[in-house]
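Next comes structure33.txt, a file with compact mmCIF, C-alpha atoms.
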```txt
# COMPACT_ATOMS: atom_id res chain seq x y z
CA MET A 1387 0.00 0.00 0.00
CA SER A 1388 1.17 3.48 -0.81
CA VAL A 1389 2.13 5.69 2.07
CA GLN A 1390 1.67 8.85 0.01
CA GLY A 1391 -1.16 11.28 0.62
CA PRO A 1392 -4.07 11.67 -1.77
CA ARG A 1393 -3.14 11.96 -5.44
CA GLN A 1394 -2.60 15.53 -6.63
CA VAL A 1395 -4.86 16.21 -9.57
CA LEU A 1396 -4.01 19.89 -10.03
CA GLU A 1397 -0.81 21.66 -9.17
CA LEU A 1398 0.09 25.28 -9.75
CA ALA A 1399 3.74 25.98 -8.98
CA LYS A 1400 4.96 29.58 -8.68
CA VAL A 1401 2.45 30.67 -11.26
CA SER A 1402 2.41 34.29 -12.39
CA ARG A 1403 0.33 35.85 -15.12
CA THR A 1404 0.95 39.35 -16.35
CA PHE A 1405 -1.12 41.12 -18.97
CA GLY A 1406 0.53 43.80 -21.08
CA ARG A 1407 4.13 44.98 -20.96
CA GLY A 1408 6.29 47.68 -19.45
CA ALA A 1409 4.67 50.50 -17.55
CA THR A 1410 1.12 49.37 -18.37
CA ALA A 1411 1.69 45.73 -17.35
CA VAL A 1412 -0.89 44.35 -14.93
CA ALA A 1413 -0.01 41.38 -12.76
CA ALA A 1414 -3.17 39.25 -12.46
CA LEU A 1415 -1.39 36.50 -10.51
CA ARG A 1416 1.90 36.51 -8.65
CA ASP A 1417 3.81 33.44 -7.52
CA VAL A 1418 0.76 31.36 -6.78
CA ASP A 1419 1.30 27.86 -5.36
CA LEU A 1420 -1.80 25.72 -5.09
CA THR A 1421 -2.66 22.04 -5.23
CA VAL A 1422 -5.97 20.21 -5.34
CA SER A 1423 -5.98 16.49 -4.60
CA ALA A 1424 -8.39 13.75 -5.56
CA GLY A 1425 -11.41 13.91 -3.27
CA GLU A 1426 -10.63 17.46 -2.22
CA PHE A 1427 -12.88 20.48 -2.61
CA VAL A 1428 -11.00 23.79 -2.64
CA ALA A 1429 -12.71 27.16 -2.82
CA VAL A 1430 -10.92 30.29 -3.99
CA MET A 1431 -12.37 33.49 -2.58
CA GLY A 1432 -11.56 37.04 -3.37
CA PRO A 1433 -13.09 40.32 -4.48
CA SER A 1434 -13.63 41.21 -8.13
CA GLY A 1435 -10.35 41.69 -9.92
CA SER A 1436 -8.33 39.74 -7.35
CA GLY A 1437 -7.22 37.18 -9.93
CA LYS A 1438 -9.50 34.27 -9.10
CA SER A 1439 -10.88 33.83 -12.61
CA SER A 1440 -7.37 34.06 -14.08
CA LEU A 1441 -6.42 31.27 -11.69
CA LEU A 1442 -9.22 29.08 -13.00
CA SER A 1443 -8.34 29.77 -16.65
CA LEU A 1444 -4.74 28.76 -16.02
CA ALA A 1445 -5.76 25.66 -14.09
CA GLY A 1446 -7.89 24.49 -16.99
CA GLY A 1447 -5.33 25.25 -19.68
CA LEU A 1448 -7.50 27.99 -21.21
CA ASP A 1449 -4.65 30.41 -20.65
CA ARG A 1450 -0.90 30.03 -20.16
CA PRO A 1451 1.11 31.49 -17.27
CA THR A 1452 3.78 34.15 -17.84
CA SER A 1453 5.98 32.09 -15.53
CA GLY A 1454 5.63 29.02 -13.35
CA GLY A 1455 4.07 25.66 -14.09
CA VAL A 1456 0.59 24.16 -14.23
CA PHE A 1457 0.26 20.38 -13.90
CA VAL A 1458 -2.92 18.37 -14.41
CA GLU A 1459 -2.59 14.76 -13.24
CA SER A 1460 1.19 15.34 -13.26
CA THR A 1461 1.23 16.42 -16.91
CA PRO A 1462 2.93 19.81 -17.36
CA LEU A 1463 0.57 21.85 -19.53
CA ALA A 1464 3.48 23.96 -20.80
CA GLY A 1465 4.84 20.95 -22.69
CA LEU A 1466 1.65 20.34 -24.63
CA GLY A 1467 0.85 21.58 -28.12
CA LEU A 1468 -2.55 23.12 -28.83
CA ASN A 1469 -4.11 19.84 -29.96
CA GLU A 1470 -2.72 17.88 -27.02
CA LEU A 1471 -3.91 20.59 -24.65
CA ALA A 1472 -7.39 20.50 -26.16
CA ARG A 1473 -7.45 16.71 -25.77
CA LEU A 1474 -6.34 16.90 -22.15
CA ARG A 1475 -9.02 19.48 -21.44
CA ARG A 1476 -11.67 17.23 -22.96
CA ARG A 1477 -10.50 14.16 -21.10
CA ALA A 1478 -9.34 15.39 -17.73
CA VAL A 1479 -10.96 18.74 -16.99
CA GLY A 1480 -14.59 19.69 -16.61
CA TYR A 1481 -15.85 23.27 -16.39
CA VAL A 1482 -18.96 24.62 -14.76
CA PHE A 1483 -19.80 28.22 -15.57
CA GLN A 1484 -22.21 30.73 -14.10
CA ASP A 1485 -24.35 30.76 -17.26
CA PHE A 1486 -24.29 26.95 -17.83
CA ASN A 1487 -23.04 27.19 -21.46
CA LEU A 1488 -25.32 24.39 -22.62
CA ILE A 1489 -26.45 24.01 -26.24
CA PRO A 1490 -30.21 24.67 -26.47
CA THR A 1491 -30.82 22.51 -29.55
CA LEU A 1492 -29.41 19.41 -27.85
CA SER A 1493 -31.09 17.31 -25.16
CA ALA A 1494 -29.55 17.04 -21.69
CA ALA A 1495 -27.95 13.68 -22.52
CA GLU A 1496 -26.62 15.00 -25.85
CA ASN A 1497 -25.09 18.01 -24.12
CA VAL A 1498 -23.38 15.77 -21.60
CA ALA A 1499 -22.20 13.32 -24.27
CA LEU A 1500 -20.78 16.08 -26.47
CA PRO A 1501 -17.24 16.29 -25.03
CA LEU A 1502 -16.92 12.52 -25.33
CA GLU A 1503 -18.12 12.49 -28.91
CA LEU A 1504 -15.74 15.33 -29.78
CA ASP A 1505 -13.04 13.12 -28.35
CA GLY A 1506 -13.96 10.30 -30.74
CA VAL A 1507 -15.93 8.12 -28.33
CA GLN A 1508 -18.56 6.07 -30.15
CA ALA A 1509 -22.03 7.67 -29.90
CA LYS A 1510 -23.68 4.75 -28.10
CA LYS A 1511 -20.95 4.53 -25.49
CA ALA A 1512 -20.95 8.31 -25.06
CA HIS A 1513 -24.71 8.25 -24.50
CA ARG A 1514 -24.36 5.50 -21.89
CA GLN A 1515 -21.70 7.47 -20.05
CA ALA A 1516 -23.84 10.62 -20.27
CA LEU A 1517 -26.75 8.80 -18.62
CA ASP A 1518 -24.38 7.62 -15.90
CA ALA A 1519 -23.21 11.20 -15.28
CA LEU A 1520 -26.80 12.46 -15.16
CA ARG A 1521 -27.57 9.76 -12.62
CA GLN A 1522 -24.61 10.91 -10.51
CA VAL A 1523 -25.97 14.44 -10.35
CA GLY A 1524 -29.45 13.18 -9.50
CA ILE A 1525 -31.41 13.86 -12.70
CA PRO A 1526 -31.42 10.67 -14.83
CA GLU A 1527 -35.09 11.25 -15.66
CA LEU A 1528 -34.30 14.51 -17.47
CA ALA A 1529 -31.99 12.96 -20.08
CA ASP A 1530 -34.30 13.72 -23.04
CA ARG A 1531 -35.30 17.21 -21.99
CA PHE A 1532 -34.16 20.34 -23.80
CA MET A 1533 -32.83 23.40 -22.00
CA ASP A 1534 -36.05 25.41 -22.29
CA GLU A 1535 -37.85 22.56 -20.53
CA MET A 1536 -35.61 22.72 -17.45
CA SER A 1537 -35.20 25.06 -14.48
CA GLY A 1538 -31.93 26.91 -13.86
CA GLY A 1539 -30.97 24.45 -11.14
CA GLN A 1540 -31.62 21.48 -13.40
CA GLN A 1541 -29.57 23.07 -16.20
CA GLN A 1542 -26.68 23.59 -13.82
CA ARG A 1543 -26.86 19.91 -12.85
CA VAL A 1544 -26.64 19.04 -16.56
CA ALA A 1545 -23.59 21.32 -16.78
CA ILE A 1546 -22.00 19.52 -13.82
CA ALA A 1547 -22.80 16.15 -15.44
CA ARG A 1548 -21.04 17.38 -18.59
CA ALA A 1549 -18.07 18.41 -16.43
CA ILE A 1550 -17.69 14.96 -14.87
CA VAL A 1551 -18.68 12.70 -17.78
CA GLY A 1552 -16.20 10.01 -18.74
CA ASP A 1553 -13.25 9.75 -16.45
CA ARG A 1554 -12.65 13.41 -15.69
CA ARG A 1555 -11.33 13.97 -12.21
CA LEU A 1556 -10.91 17.73 -12.13
CA ILE A 1557 -13.94 20.00 -11.91
CA LEU A 1558 -13.38 23.75 -12.22
CA ALA A 1559 -16.39 25.83 -11.28
CA ASP A 1560 -16.60 29.59 -11.81
CA GLU A 1561 -19.39 31.15 -9.69
CA PRO A 1562 -21.68 28.24 -10.66
CA THR A 1563 -24.55 29.46 -8.51
CA GLY A 1564 -24.44 33.07 -9.69
CA ALA A 1565 -27.61 32.82 -11.78
CA LEU A 1566 -29.58 30.72 -9.27
CA ASP A 1567 -31.74 31.46 -6.25
CA SER A 1568 -30.28 30.48 -2.90
CA THR A 1569 -32.14 27.17 -2.43
CA THR A 1570 -31.18 26.00 -5.92
CA GLY A 1571 -27.65 27.26 -5.37
CA HIS A 1572 -27.52 25.14 -2.22
CA GLY A 1573 -28.48 22.08 -4.32
CA VAL A 1574 -25.65 22.80 -6.78
CA MET A 1575 -23.13 23.03 -3.94
CA GLU A 1576 -24.42 19.72 -2.62
CA VAL A 1577 -23.74 18.09 -5.96
CA LEU A 1578 -20.20 19.52 -6.15
CA ARG A 1579 -19.55 18.33 -2.58
CA GLU A 1580 -20.81 14.84 -3.43
CA ARG A 1581 -18.55 14.71 -6.49
CA ALA A 1582 -15.56 15.59 -4.32
CA ASP A 1583 -16.59 12.97 -1.74
CA ALA A 1584 -16.79 10.48 -4.63
CA GLY A 1585 -13.13 11.23 -5.50
CA ALA A 1586 -13.12 14.19 -7.90
CA ALA A 1587 -10.85 17.18 -7.35
CA VAL A 1588 -13.02 20.28 -7.25
CA MET A 1589 -11.89 23.88 -7.47
CA LEU A 1590 -14.58 26.49 -6.98
CA VAL A 1591 -14.12 30.20 -7.54
CA THR A 1592 -16.62 32.33 -5.65
CA HIS A 1593 -17.12 35.51 -3.69
CA GLU A 1594 -19.94 33.98 -1.64
CA ALA A 1595 -18.88 32.79 1.80
CA ARG A 1596 -21.82 30.42 2.16
CA HIS A 1597 -20.77 28.54 -0.97
CA ALA A 1598 -17.08 28.53 -0.15
CA ALA A 1599 -18.07 27.02 3.22
CA TRP A 1600 -18.82 23.70 1.49
CA ALA A 1601 -15.11 23.31 0.67
CA ASP A 1602 -12.46 21.46 2.64
CA ARG A 1603 -10.10 24.39 2.17
CA VAL A 1604 -10.78 28.01 1.41
CA VAL A 1605 -7.98 29.97 -0.22
CA PHE A 1606 -8.10 33.76 -0.05
CA ILE A 1607 -6.70 35.71 -2.95
CA ARG A 1608 -5.94 39.43 -2.99
CA ASP A 1609 -4.27 41.37 -5.79
CA GLY A 1610 -3.10 38.18 -7.46
CA ARG A 1611 -1.55 36.61 -4.38
CA ILE A 1612 -2.77 33.91 -2.07
CA VAL A 1613 -2.81 35.66 1.28
CA ASP A 1614 -4.42 33.11 3.57
CA GLU A 1615 -6.16 29.81 3.90
CA ALA A 1616 -8.91 28.37 6.10
CA ALA A 1617 -9.44 24.66 6.62
CA ALA A 1618 -12.48 23.26 8.35
CA MET A 1619 -11.74 21.73 11.74
CA HIS A 1620 -14.60 19.24 11.65
CA ASP A 1621 -14.33 18.89 15.37
CA PRO A 1622 -17.73 18.87 17.10
CA ALA A 1623 -16.26 19.77 20.48
CA MET A 1624 -14.67 22.91 19.06
CA LEU A 1625 -17.88 23.73 17.23
CA LEU A 1626 -19.86 23.68 20.45
CA ALA A 1627 -17.20 25.47 22.46
CA ARG A 1628 -17.36 28.30 19.95
CA THR A 1629 -21.13 28.69 20.11
CA GLY A 1630 -21.41 28.27 23.86
CA LEU A 1631 -22.37 31.40 25.74
CA MET B 427 -31.29 34.02 26.10
CA SER B 428 -34.31 33.67 28.36
CA ILE B 429 -33.76 30.56 30.49
CA ARG B 430 -36.84 31.50 32.42
CA HIS B 431 -39.14 31.40 29.40
CA SER B 432 -37.43 28.35 27.92
CA LEU B 433 -38.02 26.34 31.11
CA LEU B 434 -41.61 27.53 31.32
CA ALA B 435 -42.24 26.50 27.71
CA LEU B 436 -40.86 23.04 28.44
CA LEU B 437 -43.06 22.74 31.53
CA GLN B 438 -46.09 23.63 29.46
CA ASP B 439 -45.42 20.44 27.55
CA GLN B 440 -45.53 18.31 30.74
CA PRO B 441 -44.42 18.45 34.39
CA ARG B 442 -40.70 17.81 34.74
CA TYR B 443 -37.89 17.90 37.30
CA GLY B 444 -34.75 20.03 37.03
CA TYR B 445 -32.40 17.56 35.38
CA GLN B 446 -35.06 16.57 32.82
CA LEU B 447 -35.53 20.24 31.93
CA ARG B 448 -31.82 20.66 31.32
CA VAL B 449 -31.64 17.56 29.11
CA GLU B 450 -34.74 18.57 27.14
CA PHE B 451 -33.44 22.09 26.60
CA GLU B 452 -30.05 20.91 25.38
CA ASP B 453 -31.59 18.26 23.12
CA ARG B 454 -33.87 20.75 21.45
CA THR B 455 -31.14 23.35 20.88
CA GLY B 456 -28.40 20.93 19.88
CA SER B 457 -26.43 21.65 23.08
CA THR B 458 -25.53 24.99 21.54
CA TRP B 459 -26.11 26.85 24.80
CA PRO B 460 -25.18 24.45 27.61
CA LEU B 461 -27.24 25.00 30.76
CA ASN B 462 -25.70 24.81 34.17
CA ILE B 463 -27.89 22.68 36.47
CA GLY B 464 -27.49 25.29 39.21
CA GLN B 465 -29.01 27.89 36.85
CA VAL B 466 -31.95 25.56 36.27
CA TYR B 467 -32.69 25.19 40.01
CA THR B 468 -32.28 28.91 40.74
CA THR B 469 -34.63 29.75 37.87
CA LEU B 470 -37.20 27.20 39.07
CA ASP B 471 -37.09 28.73 42.57
CA ARG B 472 -37.78 32.17 41.13
CA LEU B 473 -40.56 30.89 38.88
CA GLU B 474 -42.18 29.27 41.92
CA ARG B 475 -41.80 32.47 43.93
CA ASP B 476 -43.51 34.40 41.10
CA GLY B 477 -46.38 31.89 40.95
CA LEU B 478 -45.57 30.73 37.41
CA VAL B 479 -44.80 27.11 38.38
CA SER B 480 -45.87 24.95 41.30
CA ASN B 481 -43.80 22.47 43.21
CA ASP B 482 -45.59 19.10 42.97
CA GLY B 483 -43.35 17.42 45.53
CA GLY B 484 -41.10 14.43 44.98
CA ASP B 485 -41.59 11.70 42.39
CA GLY B 486 -40.54 9.02 44.88
CA GLU B 487 -37.05 8.83 43.38
CA GLY B 488 -35.70 11.95 44.96
CA HIS B 489 -36.65 14.39 42.15
CA VAL B 490 -38.75 17.47 42.80
CA VAL B 491 -41.30 17.76 39.99
CA TYR B 492 -42.60 21.15 38.81
CA SER B 493 -45.68 21.92 36.76
CA ILE B 494 -46.80 25.13 35.08
CA THR B 495 -49.58 27.31 36.57
CA ALA B 496 -52.24 29.27 34.65
CA ALA B 497 -50.16 32.43 35.15
CA GLY B 498 -47.13 30.55 33.79
CA LYS B 499 -49.06 29.50 30.68
CA ALA B 500 -50.06 33.12 30.06
CA GLU B 501 -46.40 34.11 30.44
CA VAL B 502 -45.29 31.54 27.83
CA GLN B 503 -48.02 32.66 25.46
CA GLY B 504 -46.88 36.26 25.83
CA TRP B 505 -43.25 35.22 25.19
CA PHE B 506 -44.09 33.37 21.97
CA ALA B 507 -46.37 36.19 20.81
CA SER B 508 -43.83 39.00 21.16
CA PRO B 509 -40.70 39.51 19.05
CA VAL B 510 -37.33 39.05 20.73
CA GLU B 511 -36.10 42.34 22.15
CA ARG B 512 -32.97 43.59 20.53
CA SER B 513 -30.55 45.30 22.82
CA ASN B 514 -29.94 48.66 21.25
CA PRO B 515 -27.68 48.15 19.32
CA PRO B 516 -26.56 44.57 20.17
CA ARG B 517 -23.07 44.51 21.64
CA ASN B 518 -20.70 43.21 19.05
CA GLU B 519 -17.09 42.81 20.08
CA LEU B 520 -15.88 42.63 16.51
CA ALA B 521 -17.58 45.90 15.56
CA ILE B 522 -16.14 47.57 18.65
CA LYS B 523 -12.67 46.21 17.89
CA LEU B 524 -12.75 47.49 14.31
CA ALA B 525 -14.22 50.84 15.27
CA LEU B 526 -11.33 51.36 17.66
CA ALA B 527 -8.75 49.95 15.25
CA VAL B 528 -9.61 52.39 12.45
CA THR B 529 -9.32 55.37 14.77
CA LEU B 530 -6.05 54.44 16.48
CA PRO B 531 -2.67 55.04 14.85
CA GLY B 532 -0.38 52.11 14.13
CA VAL B 533 -3.05 49.41 14.00
CA ASP B 534 -3.03 47.16 10.94
CA VAL B 535 -6.76 47.08 10.25
CA ALA B 536 -6.40 44.96 7.11
CA ALA B 537 -4.64 42.28 9.16
CA ILE B 538 -7.40 42.33 11.78
CA ILE B 539 -10.04 41.92 9.09
CA GLN B 540 -8.19 39.08 7.41
CA ALA B 541 -7.54 37.20 10.66
CA GLN B 542 -11.21 37.49 11.53
CA ARG B 543 -12.24 36.46 8.02
CA VAL B 544 -10.23 33.24 8.28
CA ALA B 545 -11.71 32.44 11.70
CA SER B 546 -15.27 33.23 10.59
CA MET B 547 -14.85 31.25 7.39
CA ARG B 548 -13.59 28.26 9.35
CA ALA B 549 -16.63 28.47 11.62
CA LEU B 550 -18.88 28.72 8.57
CA GLN B 551 -17.24 25.62 7.08
CA ASP B 552 -17.82 23.71 10.31
CA TYR B 553 -21.45 24.79 10.62
CA THR B 554 -22.05 23.88 6.98
CA LYS B 555 -20.48 20.45 7.47
CA SER B 556 -22.43 19.90 10.65
CA ARG B 557 -25.66 20.93 8.92
CA ARG B 558 -24.98 18.57 6.04
CA ASP B 559 -24.23 15.66 8.38
CA THR B 560 -27.29 16.36 10.51
CA ALA B 561 -29.59 16.68 7.48
CA ALA B 562 -28.20 13.43 6.05
CA SER B 563 -28.96 11.46 9.20
CA GLN B 564 -32.66 12.47 8.93
CA ARG B 565 -33.52 11.97 12.59
CA PRO B 566 -36.87 13.56 13.40
CA GLY B 567 -35.51 15.08 16.62
CA ASP B 568 -32.88 17.05 14.67
CA THR B 569 -35.28 19.64 13.28
CA ALA B 570 -34.64 22.07 16.13
CA TRP B 571 -30.86 21.63 15.84
CA LEU B 572 -31.04 22.25 12.07
CA LEU B 573 -32.84 25.53 12.71
CA VAL B 574 -30.17 26.56 15.18
CA LEU B 575 -27.43 25.64 12.69
CA ASP B 576 -29.17 27.62 9.92
CA SER B 577 -29.26 30.61 12.21
CA LEU B 578 -25.54 30.27 12.98
CA ILE B 579 -24.76 29.90 9.27
CA PHE B 580 -26.68 33.07 8.38
CA GLN B 581 -25.06 35.04 11.21
CA THR B 582 -21.56 33.92 10.25
CA GLU B 583 -22.16 34.59 6.58
CA ALA B 584 -23.37 38.08 7.45
CA GLU B 585 -20.19 38.60 9.45
CA VAL B 586 -17.99 37.61 6.49
CA ARG B 587 -19.94 39.88 4.16
CA TRP B 588 -19.63 42.71 6.61
CA LEU B 589 -15.85 42.15 6.79
CA ASP B 590 -15.71 42.31 2.97
CA LEU B 591 -17.59 45.59 3.12
CA CYS B 592 -15.26 46.99 5.81
CA GLU B 593 -12.29 46.09 3.67
CA ALA B 594 -13.79 47.65 0.54
CA ARG B 595 -14.56 50.83 2.51
CA MET B 596 -10.98 51.00 3.72
CA VAL B 597 -9.61 50.64 0.21
CA GLN B 598 -11.92 53.47 -0.84
CA LEU B 599 -10.79 55.58 2.10
CA SER B 600 -7.12 55.02 1.39
CA GLN B 601 -7.69 55.98 -2.25
CA THR B 602 -9.49 59.14 -1.19
CA ALA B 603 -6.70 59.90 1.24
CA GLY B 604 -4.21 59.41 -1.60
CA THR B 605 -6.13 61.84 -3.84
CA HIS B 606 -6.31 64.45 -1.10
CA SER B 607 -2.61 64.35 -0.43
CA ALA B 608 -1.94 64.64 -4.17
CA VAL B 609 -4.17 67.73 -4.34
CA ARG B 610 -2.36 69.25 -1.43
CA LYS B 611 0.99 68.66 -3.11
CA THR B 612 -0.01 70.59 -6.22
CA SER B 613 -1.74 73.43 -4.40
CA ASN B 614 1.08 74.44 -2.07
CA GLY B 615 3.95 72.96 -4.01
CA VAL B 616 5.28 71.12 -0.98
CA THR B 617 5.55 67.37 -0.74
CA VAL B 618 3.35 66.22 2.07
CA GLU B 619 3.69 62.59 3.06
CA GLU B 620 1.38 62.66 6.03
CA ALA B 621 -2.24 62.15 4.85
CA ALA B 622 -2.77 58.43 4.45
CA PRO B 623 -3.68 56.83 7.75
CA LEU B 624 -4.97 53.86 5.77
CA ASN B 625 -2.00 53.43 3.45
CA ALA B 626 -1.42 51.10 0.53
CA GLU B 627 -0.61 48.33 2.96
CA THR B 628 -4.34 47.98 3.61
CA ARG B 629 -4.88 46.89 0.03
CA ARG B 630 -2.94 43.67 0.30
```

Can you present the structure in this file as structure tokens?
Amino acid sequence: MSVQGPRQVLELAKVSRTFGRGATAVAALRDVDLTVSAGEFVAVMGPSGSGKSSLLSLAGGLDRPTSGGVFVESTPLAGLGLNELARLRRRAVGYVFQDFNLIPTLSAAENVALPLELDGVQAKKAHRQALDALRQVGIPELADRFMDEMSGGQQQRVAIARAIVGDRRLILADEPTGALDSTTGHGVMEVLRERADAGAAVMLVTHEARHAAWADRVVFIRDGRIVDEAAAMHDPAMLLARTGL
Amino acid sequence: MSIRHSLLALLQDQPRYGYQLRVEFEDRTGSTWPLNIGQVYTTLDRLERDGLVSNDGGDGEGHVVYSITAAGKAEVQGWFASPVERSNPPRNELAIKLALAVTLPGVDVAAIIQAQRVASMRALQDYTKSRRDTAASQRPGDTAWLLVLDSLIFQTEAEVRWLDLCEARMVQLSQTAGTHSAVRKTSNGVTVEEAAPLNAETRR
């Protein structure tokens, strides 16, 4: 048996990202070190413009750092060509966005199967895996529905199913509850939490404390730097001591 | 917290002795506010003195059983019917600490806010986890505890949002301070380095 800790799915090592050059250069991220392991749910919190969305783009290979390294399942993204990077994104990384980004002319199952089919998976197999993903997010009965036949919360579950379909172990979520009411938002956080408990690595970017509170670790980012971190204690005695009057 | 009214409400349910009242109270509030048994007996004595409960004598096992009187029932009804009084304004150590910090020289307000944010966030994580675990176990008796946890979650979330606001205000203030000092420089032609009590350090 391995004596190592949980497998690191995402690693950012001394990552900096600067936009522009010279006097007008803006540093969006500076020397950021961050890892997310399998089964771990990490929330990144910070005000607008603090660099949290840049962090997510770099983690998913949508953008490249000015310096430092990004590794997904130990693969350095810097060493990949555009096609290889696109393939890795399809196979290893799932995104969940605030506005769902689902295709209205496709059914829920077709939306979820899409990344697999783009990756050359046979349609029947892709459909089977899509149904499995929809089951994991609790809406197998909505497989044939179109987007205009679903509520916002249901659409976001489809988006999460699309993010986890196949064997993808890294879920990157950018304010995924932004367009939802608070009860529905709660349901979305529950699904992300369950996916982490089932072994996925989840990184959530949010400015909402109540959503970040579902994470195992909360990382605070200010002006492109990680300034602090909070980890849940999960210790009932401490919990009660704190609330006792 | 009104121990007096809480005990009366529990006695309205059925006659009970002191230890039972303590256990019932803690069960229904998830042990969030532990009751000292001495407090329970003192309160019962006062309730009896005020005619709100009556001492029914022993239960044969050494416990003194109390039951609620008609006046006690009216008191409970009045308690449930009226909103909780808010002390004006509620004492809030954090607000007091920050109010003093921003007015005293040499205090790193940004650091105070961040330290509190980490602590509050950690509490929020724990409450959220506890709420999730409690909801998952689906025990009927947990309803009261879930309500208490929801209340703690909302309060803590409000605290974090308030800290965010404080921080944003300070950034604004430091920017305004920066503008003012710049204006002063151009108007009298002298470099003034004084004006920024909330300097760039607060923008970390």

Coordinates-based distance that separates atom CA of Ser1440 of chain A from atom CA of Ala1617 of chain A (Å, one decimal):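 One can read the atom CA of Ala1617 of chain A to atom CA of Ser1440 of chain A distance as 22.8 Å.
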
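Considering the residues A:Lys1400, A:Arg1450, A:Arg1579, A:Arg1543 and counting all atoms listed in the file, Thr1421 of chain A has its shortest atom-to-atom contact with A:Lys1400.
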
Hey, list the chain B side of the contact with chain A: 6 Å cut-off, all atoms listed in the file, answer as a count of residues only. 7

I'd like to know which of A:Gln1394, A:Thr1410, A:Ser1568, A:Ser1493 is closest to Ala1516 of chain A, using only C-alpha atoms.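 With only C-alpha atoms as the atom set, the closest residue is A:Ser1493.
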
Skip Leu520 of chain B itself and residues of its chain fewer than 2 positions away, then list as a list in words all residues within 10 Å of it, counting all atoms listed in the file.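 Neighbouring residues, sequence-local ones excluded: Arg517, Asn518, Ile522, Lys523, Leu524, Ala525, Leu526, Ile538, Ile539, Gln542, Glu585 and Leu589 of chain B.
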
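Between atom CA of Glu1561 of chain A and atom CA of Val1574 of chain A lies a distance of 10.8 Å.
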
Determine the nearest neighbour of Pro441 of chain B from the options B:Met547, B:Val479, B:Ile463, B:Val491, counting all atoms listed in the file. B:Val491

Could you pull the residues within 10 Å of Leu1578 of chain A, counting only C-alpha atoms, minus those fewer than 2 positions along the same chain, as a PyMOL selection string? chain A and resi 1427+1523+1543+1546+1557+1559+1562+1573-1576+1580-1584+1586-1590+1600-1601

With C-alpha atoms kept, could you save the residues just selected as a short mmCIF file (atom, residue, chain, number, x, y, z; two decimals), in the frame of the given file?
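After the write, result.cif holds the following:
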```cif
data_model
loop_
_atom_site.label_atom_id
_atom_site.label_comp_id
_atom_site.auth_asym_id
_atom_site.auth_seq_id
_atom_site.Cartn_x
_atom_site.Cartn_y
_atom_site.Cartn_z
CA PHE A 1427 -12.88 20.48 -2.61
CA VAL A 1523 -25.97 14.44 -10.35
CA ARG A 1543 -26.86 19.91 -12.85
CA ILE A 1546 -22.00 19.52 -13.82
CA ILE A 1557 -13.94 20.00 -11.91
CA ALA A 1559 -16.39 25.83 -11.28
CA PRO A 1562 -21.68 28.24 -10.66
CA GLY A 1573 -28.48 22.08 -4.32
CA VAL A 1574 -25.65 22.80 -6.78
CA MET A 1575 -23.13 23.03 -3.94
CA GLU A 1576 -24.42 19.72 -2.62
CA GLU A 1580 -20.81 14.84 -3.43
CA ARG A 1581 -18.55 14.71 -6.49
CA ALA A 1582 -15.56 15.59 -4.32
CA ASP A 1583 -16.59 12.97 -1.74
CA ALA A 1584 -16.79 10.48 -4.63
CA ALA A 1586 -13.12 14.19 -7.90
CA ALA A 1587 -10.85 17.18 -7.35
CA VAL A 1588 -13.02 20.28 -7.25
CA MET A 1589 -11.89 23.88 -7.47
CA LEU A 1590 -14.58 26.49 -6.98
CA TRP A 1600 -18.82 23.70 1.49
CA ALA A 1601 -15.11 23.31 0.67
#
```

Distance criterion (only C-alpha atoms): nearest to Arg1407 of chain A out of A:Ser1443, A:Thr1452, A:Thr1569, A:Ser1537: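 Looking at the shortest contact to Arg1407 of chain A, the residue is A:Thr1452.
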
Using all atoms listed in the file, find the one residue out of B:Ile579, B:Met596, B:Val574, B:Leu434 that sits nearest to Lys555 of chain B. B:Ile579

Looking at only C-alpha atoms, which of A:Gly1552, A:Phe1483, A:Leu1441, A:Leu1558 is the one that sits closest to Glu1503 of chain A?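 Once distances to Glu1503 of chain A are computed over only C-alpha atoms, the minimum belongs to A:Gly1552.
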